[in-house]
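J.: File protein_37.cif below, mmCIF, C-alpha atoms:
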data_query
loop_
_atom_site.group_PDB
_atom_site.id
_atom_site.type_symbol
_atom_site.label_atom_id
_atom_site.label_comp_id
_atom_site.auth_asym_id
_atom_site.auth_seq_id
_atom_site.Cartn_x
_atom_site.Cartn_y
_atom_site.Cartn_z
ATOM 1 C CA MET A 14 0.000 0.000 0.000
ATOM 2 C CA LYS A 15 2.856 2.387 0.839
ATOM 3 C CA ILE A 16 4.434 1.786 -2.577
ATOM 4 C CA PHE A 17 1.088 2.397 -4.268
ATOM 5 C CA LYS A 18 0.647 5.695 -2.404
ATOM 6 C CA THR A 19 4.148 6.739 -3.436
ATOM 7 C CA LEU A 20 3.362 6.037 -7.073
ATOM 8 C CA VAL A 21 0.138 8.003 -6.798
ATOM 9 C CA SER A 22 2.134 10.924 -5.384
ATOM 10 C CA ILE A 23 4.549 10.732 -8.294
ATOM 11 C CA CYS A 24 1.668 10.924 -10.721
ATOM 12 C CA LEU A 25 0.153 13.881 -8.901
ATOM 13 C CA VAL A 26 3.456 15.724 -9.164
ATOM 14 C CA ALA A 27 3.393 14.981 -12.873
ATOM 15 C CA SER A 28 -0.244 15.982 -13.175
ATOM 16 C CA MET A 29 0.415 17.896 -16.364
ATOM 17 C CA VAL A 30 0.481 14.551 -18.184
ATOM 18 C CA ALA A 31 -1.684 11.441 -18.119
ATOM 19 C CA CYS A 32 -0.123 8.928 -15.758
ATOM 20 C CA THR A 33 -1.176 5.886 -13.778
ATOM 21 C CA PRO A 34 0.754 3.964 -11.121
ATOM 22 C CA LEU A 35 0.466 0.870 -13.322
ATOM 23 C CA GLN A 36 2.295 2.642 -16.150
ATOM 24 C CA VAL A 37 5.172 3.423 -13.815
ATOM 25 C CA VAL A 38 5.353 -0.077 -12.332
ATOM 26 C CA THR A 39 5.264 -1.810 -15.733
ATOM 27 C CA HIS A 40 7.567 0.667 -17.469
ATOM 28 C CA HIS A 41 10.067 -1.017 -19.795
ATOM 29 C CA VAL A 42 12.902 0.399 -21.872
ATOM 30 C CA SER A 43 14.234 -0.998 -25.121
ATOM 31 C CA SER A 44 17.928 -1.860 -25.337
ATOM 32 C CA SER A 45 17.795 -1.495 -29.115
ATOM 33 C CA GLU A 46 19.246 1.711 -30.540
ATOM 34 C CA SER A 47 17.060 1.230 -33.622
ATOM 35 C CA SER A 48 13.975 1.953 -31.483
ATOM 36 C CA VAL A 49 15.084 5.569 -30.937
ATOM 37 C CA PRO A 50 13.481 8.097 -33.313
ATOM 38 C CA PRO A 51 16.120 10.284 -35.007
ATOM 39 C CA GLY A 52 16.133 13.931 -34.022
ATOM 40 C CA HIS A 53 17.300 16.481 -31.493
ATOM 41 C CA TYR A 54 17.281 15.609 -27.798
ATOM 42 C CA GLN A 55 17.951 17.772 -24.745
ATOM 43 C CA LEU A 56 19.529 16.792 -21.429
ATOM 44 C CA ASP A 57 16.819 16.162 -18.837
ATOM 45 C CA ALA A 58 17.420 18.928 -16.306
ATOM 46 C CA HIS A 59 16.538 16.671 -13.370
ATOM 47 C CA HIS A 60 18.182 13.371 -14.317
ATOM 48 C CA TRP A 61 21.902 13.711 -14.862
ATOM 49 C CA ASN A 62 25.176 13.704 -12.970
ATOM 50 C CA VAL A 63 28.693 14.770 -13.889
ATOM 51 C CA SER A 64 31.518 14.347 -11.419
ATOM 52 C CA PHE A 65 35.318 14.492 -11.431
ATOM 53 C CA ASP A 66 37.367 12.532 -8.925
ATOM 54 C CA VAL A 67 41.096 12.845 -8.221
ATOM 55 C CA ASP A 68 43.620 11.241 -5.927
ATOM 56 C CA HIS A 69 43.852 12.990 -2.550
ATOM 57 C CA LEU A 70 47.162 12.380 -0.754
ATOM 58 C CA HIS A 71 46.856 8.692 -1.714
ATOM 59 C CA TYR A 72 44.120 8.322 0.911
ATOM 60 C CA SER A 73 41.144 8.302 -1.442
ATOM 61 C CA ARG A 74 39.763 9.808 -4.613
ATOM 62 C CA PHE A 75 38.091 13.110 -3.820
ATOM 63 C CA VAL A 76 34.818 13.674 -5.696
ATOM 64 C CA ILE A 77 33.908 17.008 -7.285
ATOM 65 C CA ARG A 78 30.457 17.372 -8.834
ATOM 66 C CA PHE A 79 28.825 20.050 -10.932
ATOM 67 C CA ASP A 80 25.274 21.259 -10.340
ATOM 68 C CA LYS A 81 24.483 23.012 -13.642
ATOM 69 C CA ALA A 82 24.861 21.680 -17.165
ATOM 70 C CA THR A 83 23.118 21.583 -20.526
ATOM 71 C CA ALA A 84 23.594 19.199 -23.438
ATOM 72 C CA GLN A 85 22.196 18.583 -26.896
ATOM 73 C CA LEU A 86 22.149 15.177 -28.535
ATOM 74 C CA ASP A 87 21.629 14.815 -32.285
ATOM 75 C CA TRP A 88 20.481 11.213 -32.706
ATOM 76 C CA ASN A 89 21.005 9.620 -36.101
ATOM 77 C CA ALA A 90 19.241 6.576 -37.533
ATOM 78 C CA ASP A 91 22.609 4.783 -37.365
ATOM 79 C CA GLY A 92 22.460 5.006 -33.558
ATOM 80 C CA LEU A 93 25.526 5.753 -31.484
ATOM 81 C CA SER A 94 27.795 5.426 -34.488
ATOM 82 C CA GLY A 95 26.191 8.306 -36.351
ATOM 83 C CA SER A 96 25.119 10.570 -33.503
ATOM 84 C CA SER A 97 26.777 13.561 -31.849
ATOM 85 C CA VAL A 98 26.586 15.441 -28.573
ATOM 86 C CA ARG A 99 27.596 18.825 -27.213
ATOM 87 C CA ALA A 100 27.627 19.446 -23.458
ATOM 88 C CA THR A 101 28.274 22.632 -21.512
ATOM 89 C CA ILE A 102 29.005 22.622 -17.778
ATOM 90 C CA ASP A 103 28.736 25.774 -15.693
ATOM 91 C CA ALA A 104 32.182 25.817 -14.050
ATOM 92 C CA SER A 105 30.906 28.070 -11.264
ATOM 93 C CA SER A 106 28.479 25.310 -10.211
ATOM 94 C CA VAL A 107 31.353 23.165 -8.902
ATOM 95 C CA ASN A 108 30.365 21.587 -5.604
ATOM 96 C CA THR A 109 32.690 19.731 -3.213
ATOM 97 C CA ASN A 110 30.549 20.125 -0.065
ATOM 98 C CA VAL A 111 33.401 22.303 1.239
ATOM 99 C CA PRO A 112 32.542 25.992 0.665
ATOM 100 C CA LEU A 113 36.134 27.204 1.085
ATOM 101 C CA LEU A 114 37.395 24.656 -1.429
ATOM 102 C CA ASP A 115 34.598 25.599 -3.844
ATOM 103 C CA ARG A 116 35.783 29.216 -3.758
ATOM 104 C CA MET A 117 39.372 28.114 -4.368
ATOM 105 C CA LEU A 118 38.369 25.947 -7.329
ATOM 106 C CA LYS A 119 36.461 28.847 -8.871
ATOM 107 C CA GLY A 120 39.453 31.151 -8.442
ATOM 108 C CA ALA A 121 42.247 32.152 -10.818
ATOM 109 C CA ASP A 122 44.516 29.284 -9.719
ATOM 110 C CA MET A 123 42.079 26.639 -10.940
ATOM 111 C CA PHE A 124 38.947 27.002 -13.099
ATOM 112 C CA ASP A 125 39.117 30.813 -13.148
ATOM 113 C CA VAL A 126 35.362 30.988 -13.720
ATOM 114 C CA GLU A 127 35.248 34.758 -14.223
ATOM 115 C CA ARG A 128 37.332 34.416 -17.390
ATOM 116 C CA TYR A 129 36.290 30.890 -18.379
ATOM 117 C CA PRO A 130 32.703 30.283 -17.196
ATOM 118 C CA ASP A 131 32.087 27.097 -19.221
ATOM 119 C CA ILE A 132 33.547 23.619 -19.505
ATOM 120 C CA VAL A 133 32.590 22.291 -22.946
ATOM 121 C CA PHE A 134 32.674 18.855 -24.565
ATOM 122 C CA VAL A 135 31.968 18.390 -28.287
ATOM 123 C CA SER A 136 31.996 14.863 -29.707
ATOM 124 C CA THR A 137 34.059 14.117 -32.797
ATOM 125 C CA GLY A 138 33.609 10.381 -33.347
ATOM 126 C CA PHE A 139 32.452 7.034 -32.002
ATOM 127 C CA GLN A 140 34.020 3.575 -32.166
ATOM 128 C CA ARG A 141 31.738 0.697 -31.232
ATOM 129 C CA THR A 142 33.104 -1.900 -28.812
ATOM 130 C CA GLY A 143 29.885 -3.856 -28.167
ATOM 131 C CA ASP A 144 26.194 -4.060 -29.001
ATOM 132 C CA ASP A 145 25.298 -1.182 -26.685
ATOM 133 C CA LYS A 146 28.613 0.495 -25.976
ATOM 134 C CA GLY A 147 31.680 2.103 -27.447
ATOM 135 C CA THR A 148 34.335 4.795 -27.191
ATOM 136 C CA LEU A 149 33.191 8.363 -27.747
ATOM 137 C CA THR A 150 35.968 10.770 -28.693
ATOM 138 C CA GLY A 151 35.646 14.514 -28.462
ATOM 139 C CA ASP A 152 37.210 17.861 -27.695
ATOM 140 C CA LEU A 153 37.133 18.982 -24.076
ATOM 141 C CA THR A 154 37.679 22.661 -23.303
ATOM 142 C CA ILE A 155 38.621 23.749 -19.781
ATOM 143 C CA ARG A 156 40.027 27.128 -18.849
ATOM 144 C CA GLY A 157 40.272 28.100 -22.514
ATOM 145 C CA THR A 158 42.377 25.072 -23.452
ATOM 146 C CA THR A 159 41.020 22.348 -25.739
ATOM 147 C CA ARG A 160 42.314 18.772 -25.734
ATOM 148 C CA PRO A 161 40.975 15.476 -27.142
ATOM 149 C CA VAL A 162 39.505 13.025 -24.642
ATOM 150 C CA SER A 163 37.768 9.647 -24.826
ATOM 151 C CA LEU A 164 34.750 8.394 -22.906
ATOM 152 C CA ASN A 165 33.504 4.835 -22.528
ATOM 153 C CA VAL A 166 29.782 5.107 -23.267
ATOM 154 C CA THR A 167 26.985 2.622 -22.612
ATOM 155 C CA PHE A 168 23.498 3.018 -24.093
ATOM 156 C CA ASN A 169 21.122 2.138 -21.242
ATOM 157 C CA GLY A 170 17.860 2.121 -23.151
ATOM 158 C CA HIS A 171 14.989 4.042 -24.745
ATOM 159 C CA ALA A 172 11.252 4.410 -24.224
ATOM 160 C CA VAL A 173 8.508 6.967 -23.889
ATOM 161 C CA ASP A 174 8.748 8.238 -20.307
ATOM 162 C CA PRO A 175 5.470 7.339 -18.521
ATOM 163 C CA LEU A 176 5.523 10.640 -16.590
ATOM 164 C CA THR A 177 6.455 13.153 -19.281
ATOM 165 C CA LYS A 178 5.253 11.219 -22.356
ATOM 166 C CA LEU A 179 8.486 12.262 -24.083
ATOM 167 C CA GLU A 180 10.833 10.037 -26.052
ATOM 168 C CA THR A 181 13.659 9.464 -23.563
ATOM 169 C CA LEU A 182 16.974 7.642 -23.658
ATOM 170 C CA GLY A 183 19.734 7.180 -21.117
ATOM 171 C CA PHE A 184 23.487 6.718 -21.028
ATOM 172 C CA SER A 185 26.331 5.987 -18.641
ATOM 173 C CA ALA A 186 29.865 7.138 -19.424
ATOM 174 C CA ASP A 187 33.257 7.483 -17.859
ATOM 175 C CA GLY A 188 36.788 8.372 -18.861
ATOM 176 C CA HIS A 189 40.067 9.950 -17.776
ATOM 177 C CA PHE A 190 42.144 13.010 -18.578
ATOM 178 C CA ASN A 191 45.222 14.700 -17.121
ATOM 179 C CA ARG A 192 44.353 18.056 -15.594
ATOM 180 C CA SER A 193 47.866 19.356 -16.239
ATOM 181 C CA GLN A 194 47.051 19.328 -19.970
ATOM 182 C CA PHE A 195 44.551 22.094 -19.248
ATOM 183 C CA GLY A 196 46.897 24.154 -17.102
ATOM 184 C CA LEU A 197 45.356 22.877 -13.867
ATOM 185 C CA THR A 198 48.533 22.102 -11.929
ATOM 186 C CA THR A 199 47.729 23.715 -8.560
ATOM 187 C CA TRP A 200 48.204 21.450 -5.505
ATOM 188 C CA TYR A 201 50.068 18.735 -7.411
ATOM 189 C CA PRO A 202 51.236 16.182 -6.230
ATOM 190 C CA ALA A 203 49.041 16.361 -3.118
ATOM 191 C CA VAL A 204 46.128 16.286 -5.547
ATOM 192 C CA GLY A 205 46.676 13.865 -8.409
ATOM 193 C CA ASP A 206 46.966 14.724 -12.090
ATOM 194 C CA ASP A 207 44.649 11.973 -13.345
ATOM 195 C CA VAL A 208 40.981 13.009 -13.350
ATOM 196 C CA HIS A 209 38.299 10.357 -13.600
ATOM 197 C CA VAL A 210 35.037 11.563 -15.145
ATOM 198 C CA ALA A 211 31.742 9.819 -14.288
ATOM 199 C CA ILE A 212 28.520 10.629 -16.137
ATOM 200 C CA GLN A 213 24.885 9.572 -15.933
ATOM 201 C CA ALA A 214 22.496 11.258 -18.341
ATOM 202 C CA GLU A 215 18.944 11.099 -19.630
ATOM 203 C CA PHE A 216 17.935 12.923 -22.821
ATOM 204 C CA SER A 217 14.401 13.760 -23.917
ATOM 205 C CA LYS A 218 13.010 14.800 -27.260
ATOM 206 C CA PRO A 219 11.144 18.126 -26.911
ATOM 207 C CA ARG A 220 7.397 17.785 -27.343
ATOM 208 C CA ALA A 221 7.297 19.716 -30.622
ATOM 209 C CA ASP A 222 9.927 17.389 -32.100
ATOM 210 C CA SER A 223 8.247 14.279 -30.683
ATOM 211 C CA ALA A 224 5.045 15.159 -32.509
ATOM 212 C CA GLN A 225 6.801 15.138 -35.864
#
Once you've parsed the file, please lay out its structure as structure tokens.
T.:
Amino acid sequence: MKIFKTLVSICLVASMVACTPLQVVTHHVSSSESSVPPGHYQLDAHHWNVSFDVDHLHYSRFVIRFDKATAQLDWNADGLSGSSVRATIDASSVNTNVPLLDRMLKGADMFDVERYPDIVFVSTGFQRTGDDKGTLTGDLTIRGTTRPVSLNVTFNGHAVDPLTKLETLGFSADGHFNRSQFGLTTWYPAVGDDVHVAIQAEFSKPRADSAQ
């Protein structure tokens, strides 16, 4: 009964669309890329995560997340192989849960957000390594410096979201880059050079496009 009430609450929150608890419970996504309609998709503002983690004094990997980002996905009928993405992260939205450290990261010694407000990734190619995964290459720009990077991407699935009624697809991705290549050398070697990137993202096709 508690689960049912929770589902009812979810539907009430999404009252702008037709929704039933049964639709949520029985929701299923397709693992086939061919099920995705070609077109332009936008990052779901509420269902994404981008974080960087770096070695901290060899004790652990310290996690840095970002709270604001936008992204556009141009999905081709060829699936991952023929599609492209552009993502922009608001560098000033960096969040470490340590306010003093956040201010330091935003400062001139690190991201220098006043001069370089955005971190940008633009895909340049894709090499398939499995049925639902592959290596996405692209240009990453941080602090005004652009370098090529690679991300391991997995296609998680596609369906019409039962709450929004929008065509929606999801991905997981991760990769590595050296921060020194972008001029981010402050605090080395106490803070490592290798940066691990972890991404979770859902993209939705805007309603006007979905109707086409």
J.: Go ahead and compute the interatomic distance for atom CA of A:Val49 and atom CA of A:Gly151, in Å to one decimal.
T.: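 Here the two named atoms are 22.6 Å from each other.
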J.: Under the PyMOL selection byres ((chain A and resi 102) around 12), which residues of this model are included? Write them out as a PyMOL selection string.
T.: chain A and resi 56+61-64+78-84+99-101+103-107+124+126+129-135+153-156
J.: Record the distance separating atom CA of A:Asp68 and atom CA of A:Thr150, expressed in Å with one decimal.
T.: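 These two atoms are separated by 24.0 Å.
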J.: Using all atoms listed in the file for the distances, tell me which of A:Ser136, A:Ser47, A:Thr159, A:Ser73 is nearest to A:Val204.
T.: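 Under the stated criterion, the closest residue is A:Ser73.
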J.: If the PyMOL selection byres ((chain A and resi 163-169) around 8) is run on the structure shown, which residues does it catch, given as a VMD selection string?
T.: chain A and resid 44 46 145 to 151 161 to 162 170 to 171 182 to 189
J.: Measure the distance from atom CA of A:Phe75 to atom CA of A:Glu215 in Å and round it to one decimal.
T.: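 Going from atom CA of A:Phe75 over to atom CA of A:Glu215 covers 24.9 Å.
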J.: Can you give me, as a list in words, the residues this file yields under the PyMOL selection byres ((chain A and resi 199) around 7)?
T.: Asp122, Met123, Leu197, Thr198, Trp200 and Tyr201 of chain A
